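Below is model.cif, holding mmCIF, C-alpha atoms.
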```
data_final
loop_
_atom_site.label_atom_id
_atom_site.label_comp_id
_atom_site.auth_asym_id
_atom_site.auth_seq_id
_atom_site.Cartn_x
_atom_site.Cartn_y
_atom_site.Cartn_z
CA MET A 55 0.00 0.00 0.00
CA LEU A 56 1.25 3.46 -0.93
CA GLU A 57 0.67 6.03 1.82
CA ILE A 58 1.19 9.77 1.33
CA ILE A 59 0.71 12.49 3.95
CA PRO A 60 0.92 16.16 2.84
CA VAL A 61 2.58 17.70 5.90
CA HIS A 62 2.20 21.30 4.69
CA ILE A 63 -1.59 21.09 5.13
CA ARG A 64 -3.21 21.67 8.52
CA ASN A 65 -4.91 18.45 9.74
CA PRO A 66 -3.53 16.56 6.71
CA PRO A 67 -5.38 13.64 5.17
CA ILE A 68 -3.79 10.19 4.88
CA ILE A 69 -3.84 9.42 1.15
CA GLN A 70 -3.73 5.66 0.53
CA PHE A 71 -3.66 3.53 -2.60
CA ILE A 72 -3.83 -0.26 -2.66
CA SER A 73 -1.59 -0.66 -5.68
CA TYR A 74 1.15 -2.59 -7.45
CA ILE A 75 4.59 -1.23 -8.29
CA SER A 76 5.34 -1.46 -12.01
CA GLY A 77 8.49 0.69 -11.99
CA PHE A 78 10.97 1.84 -9.36
CA SER A 79 14.38 3.51 -9.24
CA ASP A 80 16.31 5.02 -6.32
CA ARG A 81 19.11 7.32 -7.45
CA TYR A 82 21.94 8.74 -5.32
CA SER A 83 23.96 11.57 -6.86
CA PRO A 84 27.08 12.46 -4.83
CA SER A 85 28.88 15.59 -6.01
CA TYR A 86 32.52 16.56 -5.60
CA THR A 87 34.87 19.45 -6.23
CA SER A 88 38.17 18.56 -7.84
CA GLU A 89 41.57 20.07 -7.08
CA GLN A 90 44.39 19.53 -9.54
CA PRO A 91 47.78 20.17 -7.89
CA PHE A 92 50.65 21.04 -10.20
CA GLY A 93 52.57 17.96 -11.26
CA ARG A 94 50.03 15.43 -9.98
CA THR A 95 48.57 12.99 -12.51
CA ASN A 96 45.10 12.78 -10.93
CA PRO A 97 43.14 15.48 -9.10
CA PHE A 98 41.98 15.33 -5.50
CA TYR A 99 38.22 15.04 -4.96
CA VAL A 100 36.44 16.69 -2.05
CA TRP A 101 32.88 15.64 -1.31
CA LYS A 102 30.28 18.44 -1.53
CA GLY A 103 26.92 16.71 -1.03
CA ASN A 104 24.63 13.90 -2.05
CA THR A 105 21.11 14.17 -3.42
CA ARG A 106 18.64 11.30 -3.52
CA SER A 107 15.72 10.99 -5.93
CA ILE A 108 13.15 8.24 -6.33
CA SER A 109 11.02 7.52 -9.39
CA MET A 110 8.15 5.08 -9.06
CA THR A 111 5.14 3.97 -11.06
CA ILE A 112 2.16 2.19 -9.54
CA ASP A 113 -0.95 0.61 -11.02
CA ILE A 114 -4.12 1.43 -9.06
CA PRO A 115 -6.94 -1.06 -9.77
CA SER A 116 -10.65 -0.44 -9.17
CA SER A 117 -12.85 -3.54 -9.00
CA SER A 118 -16.09 -1.95 -7.76
CA VAL A 119 -18.01 1.31 -7.60
CA SER A 120 -16.94 1.80 -3.99
CA LYS A 121 -13.24 1.25 -4.73
CA ALA A 122 -13.40 3.41 -7.86
CA LEU A 123 -14.78 6.37 -5.92
CA ASP A 124 -12.27 5.82 -3.11
CA ASN A 125 -9.37 5.82 -5.59
CA LEU A 126 -10.69 8.89 -7.40
CA ASN A 127 -11.07 10.76 -4.12
CA ASN A 128 -7.53 9.88 -3.00
CA LEU A 129 -6.13 10.85 -6.38
CA SER A 130 -7.89 14.23 -6.18
CA TRP A 131 -6.40 14.82 -2.71
CA LEU A 132 -2.92 13.92 -3.95
CA LEU A 133 -2.98 16.19 -7.00
CA ALA A 134 -4.48 19.09 -5.03
CA SER A 135 -1.80 18.66 -2.33
CA LEU A 136 0.92 19.52 -4.87
CA TYR A 137 -0.02 23.18 -4.36
CA PRO A 138 1.18 25.29 -1.40
CA THR A 139 -0.75 26.73 1.50
CA TYR A 140 -1.50 30.47 1.63
CA LYS A 141 -2.07 32.87 4.51
CA ASP A 142 -4.11 35.22 2.33
CA SER A 143 -6.80 33.83 0.03
CA VAL A 144 -6.54 36.88 -2.25
CA ASN A 145 -2.81 37.57 -2.42
CA ALA A 146 -1.02 34.90 -4.48
CA THR A 147 2.36 35.92 -3.02
CA SER A 148 1.40 34.98 0.55
CA VAL A 149 2.72 31.42 0.39
CA ALA A 150 2.88 30.09 3.96
CA ALA A 151 4.29 26.62 3.26
CA SER A 152 5.63 24.88 0.18
CA PRO A 153 4.30 21.40 -0.61
CA LEU A 154 6.10 18.75 1.42
CA HIS A 155 5.04 15.13 1.81
CA ARG A 156 5.83 11.97 3.72
CA VAL A 157 5.67 8.92 1.45
CA ARG A 158 5.74 5.28 2.49
CA TYR A 159 5.60 2.05 0.51
CA GLY A 160 6.53 -0.76 2.92
CA ASN A 161 10.25 -0.62 3.65
CA ILE A 162 11.13 0.29 0.04
CA ILE A 163 10.17 3.94 0.56
CA CYS A 164 10.32 4.92 4.23
CA SER A 165 12.21 6.96 6.76
CA SER A 166 14.42 4.62 8.75
CA THR A 167 13.87 6.66 11.89
CA SER A 168 12.77 4.81 15.01
CA ASP A 169 9.07 5.59 14.54
CA GLY A 170 9.05 4.24 10.97
CA GLN A 171 7.24 7.18 9.41
CA GLY A 172 7.07 8.00 5.72
CA LEU A 173 10.05 9.40 3.83
CA LEU A 174 10.11 13.21 3.87
CA CYS A 175 10.30 14.49 0.31
CA VAL A 176 9.21 16.94 -2.35
CA ILE A 177 7.01 15.50 -5.10
CA ASP A 178 8.47 17.31 -8.10
CA GLY A 179 6.60 15.31 -10.72
CA ALA A 180 3.29 13.44 -10.91
CA THR A 181 1.82 11.84 -14.03
CA VAL A 182 -1.58 10.13 -14.21
CA THR A 183 -2.24 7.76 -17.11
CA HIS A 184 -5.70 6.27 -17.49
CA GLN A 185 -5.50 2.75 -18.89
CA GLU A 186 -8.50 3.01 -21.20
CA GLU A 187 -7.90 -0.45 -22.66
CA SER A 188 -8.81 -1.94 -19.27
CA GLY A 189 -12.23 -0.31 -19.40
CA PHE A 190 -14.11 2.07 -17.11
CA ILE A 191 -16.51 1.88 -14.20
CA HIS A 192 -19.61 4.00 -14.77
CA VAL A 193 -20.88 5.71 -11.62
CA ASN A 194 -24.38 7.17 -11.73
CA PRO A 195 -26.01 7.82 -8.29
CA ARG A 196 -29.79 7.61 -8.29
CA ASN A 197 -32.43 8.00 -5.57
CA MET A 198 -29.90 9.32 -3.06
CA GLY A 199 -31.11 9.30 0.52
CA SER A 200 -33.96 6.86 -0.12
CA SER A 201 -34.45 3.13 0.30
CA PHE A 202 -34.37 2.83 -3.51
CA ALA A 203 -30.83 4.24 -3.78
CA ASN A 204 -28.50 2.32 -6.07
CA THR A 205 -24.99 1.23 -5.10
CA ALA A 206 -23.31 4.50 -6.14
CA ALA A 207 -25.84 6.57 -4.21
CA ARG A 208 -25.43 4.46 -1.07
CA VAL A 209 -21.62 4.71 -1.26
CA LEU A 210 -21.70 8.49 -1.72
CA THR A 211 -24.21 8.96 1.09
CA ALA A 212 -22.16 6.80 3.47
CA ALA A 213 -19.09 8.91 2.63
CA LYS A 214 -21.02 12.16 3.31
CA PHE A 215 -20.83 13.27 -0.31
CA GLU A 216 -24.57 13.71 -0.80
CA ASN A 217 -24.31 17.51 -0.50
CA HIS A 218 -21.47 17.72 -3.03
CA VAL A 219 -22.61 15.32 -5.75
CA GLY A 220 -25.87 15.95 -7.56
CA GLU A 221 -28.53 13.34 -8.24
CA ASN A 222 -27.97 11.40 -11.47
CA LYS A 223 -24.43 12.77 -11.94
CA HIS A 224 -22.22 10.64 -14.20
CA PHE A 225 -18.63 9.59 -13.39
CA LEU A 226 -16.21 7.52 -15.42
CA VAL A 227 -13.40 5.93 -13.41
CA PRO A 228 -10.75 3.82 -15.20
CA LYS A 229 -10.49 0.28 -13.88
CA VAL A 230 -6.72 0.77 -13.83
CA MET A 231 -5.02 4.11 -13.22
CA LYS A 232 -1.24 4.39 -13.60
CA LEU A 233 0.44 6.93 -11.32
CA SER A 234 4.08 7.96 -11.77
CA LEU A 235 5.81 10.02 -9.07
CA ASN A 236 9.22 11.68 -8.86
CA LEU A 237 10.41 12.26 -5.30
CA SER A 238 13.31 14.48 -4.20
CA VAL A 239 14.24 13.27 -0.74
CA VAL A 240 14.68 15.64 2.22
CA GLN A 241 16.72 13.74 4.79
CA ASP A 242 15.38 14.17 8.32
CA HIS A 243 18.25 12.51 10.18
CA PRO A 244 22.08 12.58 10.19
CA LEU A 245 23.97 10.71 7.47
CA GLY A 246 27.60 9.68 7.04
CA TRP A 247 30.11 7.96 9.28
CA ASP A 248 31.79 8.85 12.55
CA PHE A 249 35.53 9.38 12.09
CA TYR A 250 36.47 8.01 15.51
CA THR A 251 34.13 5.03 15.95
CA GLY A 252 33.40 4.01 12.37
CA GLU A 253 29.69 3.93 13.20
CA PHE A 254 26.91 5.32 11.02
CA ARG A 255 25.90 8.81 12.14
CA GLY A 256 22.19 7.94 11.89
CA GLY A 257 22.71 6.09 15.18
CA ARG A 258 19.59 5.62 17.23
CA SER A 259 17.45 7.89 15.07
CA ALA A 260 18.03 6.01 11.81
CA PRO A 261 19.92 2.78 12.45
CA SER A 262 18.82 0.99 9.24
CA PHE A 263 19.17 3.50 6.39
CA PRO A 264 17.74 3.46 3.73
CA TYR A 265 15.46 0.39 3.52
CA ASP A 266 14.85 -0.17 7.24
CA PHE A 267 17.29 -3.08 7.31
CA GLY A 268 21.04 -3.49 7.64
CA LEU A 269 23.96 -1.37 8.85
CA VAL A 270 24.40 -3.73 11.80
CA ARG A 271 28.03 -4.39 12.55
CA GLU A 272 28.58 -7.96 13.72
CA GLU A 273 30.47 -8.12 17.00
CA VAL A 274 33.65 -10.16 16.91
CA LYS A 275 33.68 -12.47 19.91
CA GLN A 276 36.95 -14.03 20.96
CA GLY A 277 37.01 -17.66 21.89
CA PRO A 278 39.03 -19.19 24.75
CA ASP A 279 41.91 -20.08 22.43
CA GLN A 280 42.15 -16.64 20.83
CA ASP A 281 44.87 -14.30 21.97
CA SER A 282 43.51 -10.86 22.90
CA GLY A 283 46.63 -9.17 21.59
CA GLY A 284 50.28 -8.66 22.32
CA GLY A 285 53.24 -10.97 21.87
CA ALA A 286 54.18 -14.26 23.49
#
```

Represent the structure contained in this file as structure tokens.
Amino acid sequence: MLEIIPVHIRNPPIIQFISYISGFSDRYSPSYTSEQPFGRTNPFYVWKGNTRSISMTIDIPSSSVSKALDNLNNLSWLLASLYPTYKDSVNATSVAASPLHRVRYGNIICSSTSDGQGLLCVIDGATVTHQEESGFIHVNPRNMGSSFANTAARVLTAAKFENHVGENKHFLVPKVMKLSLNLSVVQDHPLGWDFYTGEFRGGRSAPSFPYDFGLVREEVKQGPDQDSGGGA
């Protein structure tokens, strides 16, 4: 399940998609400055920084009217959350917070902090492709609020949408929607290695970067016949 929380929105929704990954890449781009001393064959390289970006594509299936409306609602929340929050509804320059999200897909996309929350990132690309060859689900609520309501009307009423969706409105929801996301990661914990101990600087806050597994150094235990050091 893909879970996305837009943290720049007050009382943010939890956007969830039961989906299947059809494409995934996790790219690390370390950058260096080079120094070329006179007479040296190769330059020295000094580390400047490291950016991480994730590209993923998921297929979101809808097998019923209820699931189709749920997916369409979550997709609307996601796309709307790509816009910032404003302090002034009239002044377009009064941006209070830029869009920032926490994204989680199992341990493949997650923050390896101790509370296991989603990975903090900027969604700098989102593409929706409707798979028309898979067909559509036709949603047409009728007799809303009565005992004769059809399935779509009952689903919308149960979700408190009866005041927002008119009687006999028509929806088309693809049975399969393909969603592609580009994520630029904002690290929320220390990274790198301690010069003196050789331990990862994530330490207690992020002991298993980046996939919530690993970075455990096996302790070397000495047996009774092993010399602890020194000469004979």

### Task
For the file shown, report as a VMD selection string the outcome of the PyMOL selection byres ((chain A and resi 226-230) around 7) at residue level.
chain A and resid 113 to 117 122 184 to 186 188 to 193 224 to 225 231 to 232

### Task
Just say which residues the PyMOL selection byres ((chain A and resi 176-182) around 8) picks in this file, as a ChimeraX atom specification.
/A:133,136,153-155,174-175,183-184,231-240

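On the file presented, the PyMOL selection byres ((chain A and resi 84) around 8) picks out Tyr82, Ser83, Ser85, Tyr86, Trp101, Lys102, Gly103, Asn104 and Thr105 of chain A.
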
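Distances here use all atoms listed in the file; by that measure, the residue among A:Arg64, A:Arg94, A:Arg208, A:His243 closest to Ser135 in chain A is A:Arg64.
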
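Atom pair CA of Trp131 in chain A / CA of Pro67 in chain A has a distance of 8.0 Å (rounded to one decimal).
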
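When CA of Val157 in chain A is paired with CA of Val61 in chain A, their separation reads 10.3 Å.
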
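Closest to Pro60 in chain A among A:Thr95, A:Ser152, A:Ser120, A:Ile112 is A:Ser152, based on only C-alpha atoms.
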
### Task
May I have the residues at most 10 Å from (1.3, -2.2, -5.4) in the file's coordinates, counting all atoms listed in the file, as a PyMOL selection string?
chain A and resi 55-56+71-76+111-115+159-160
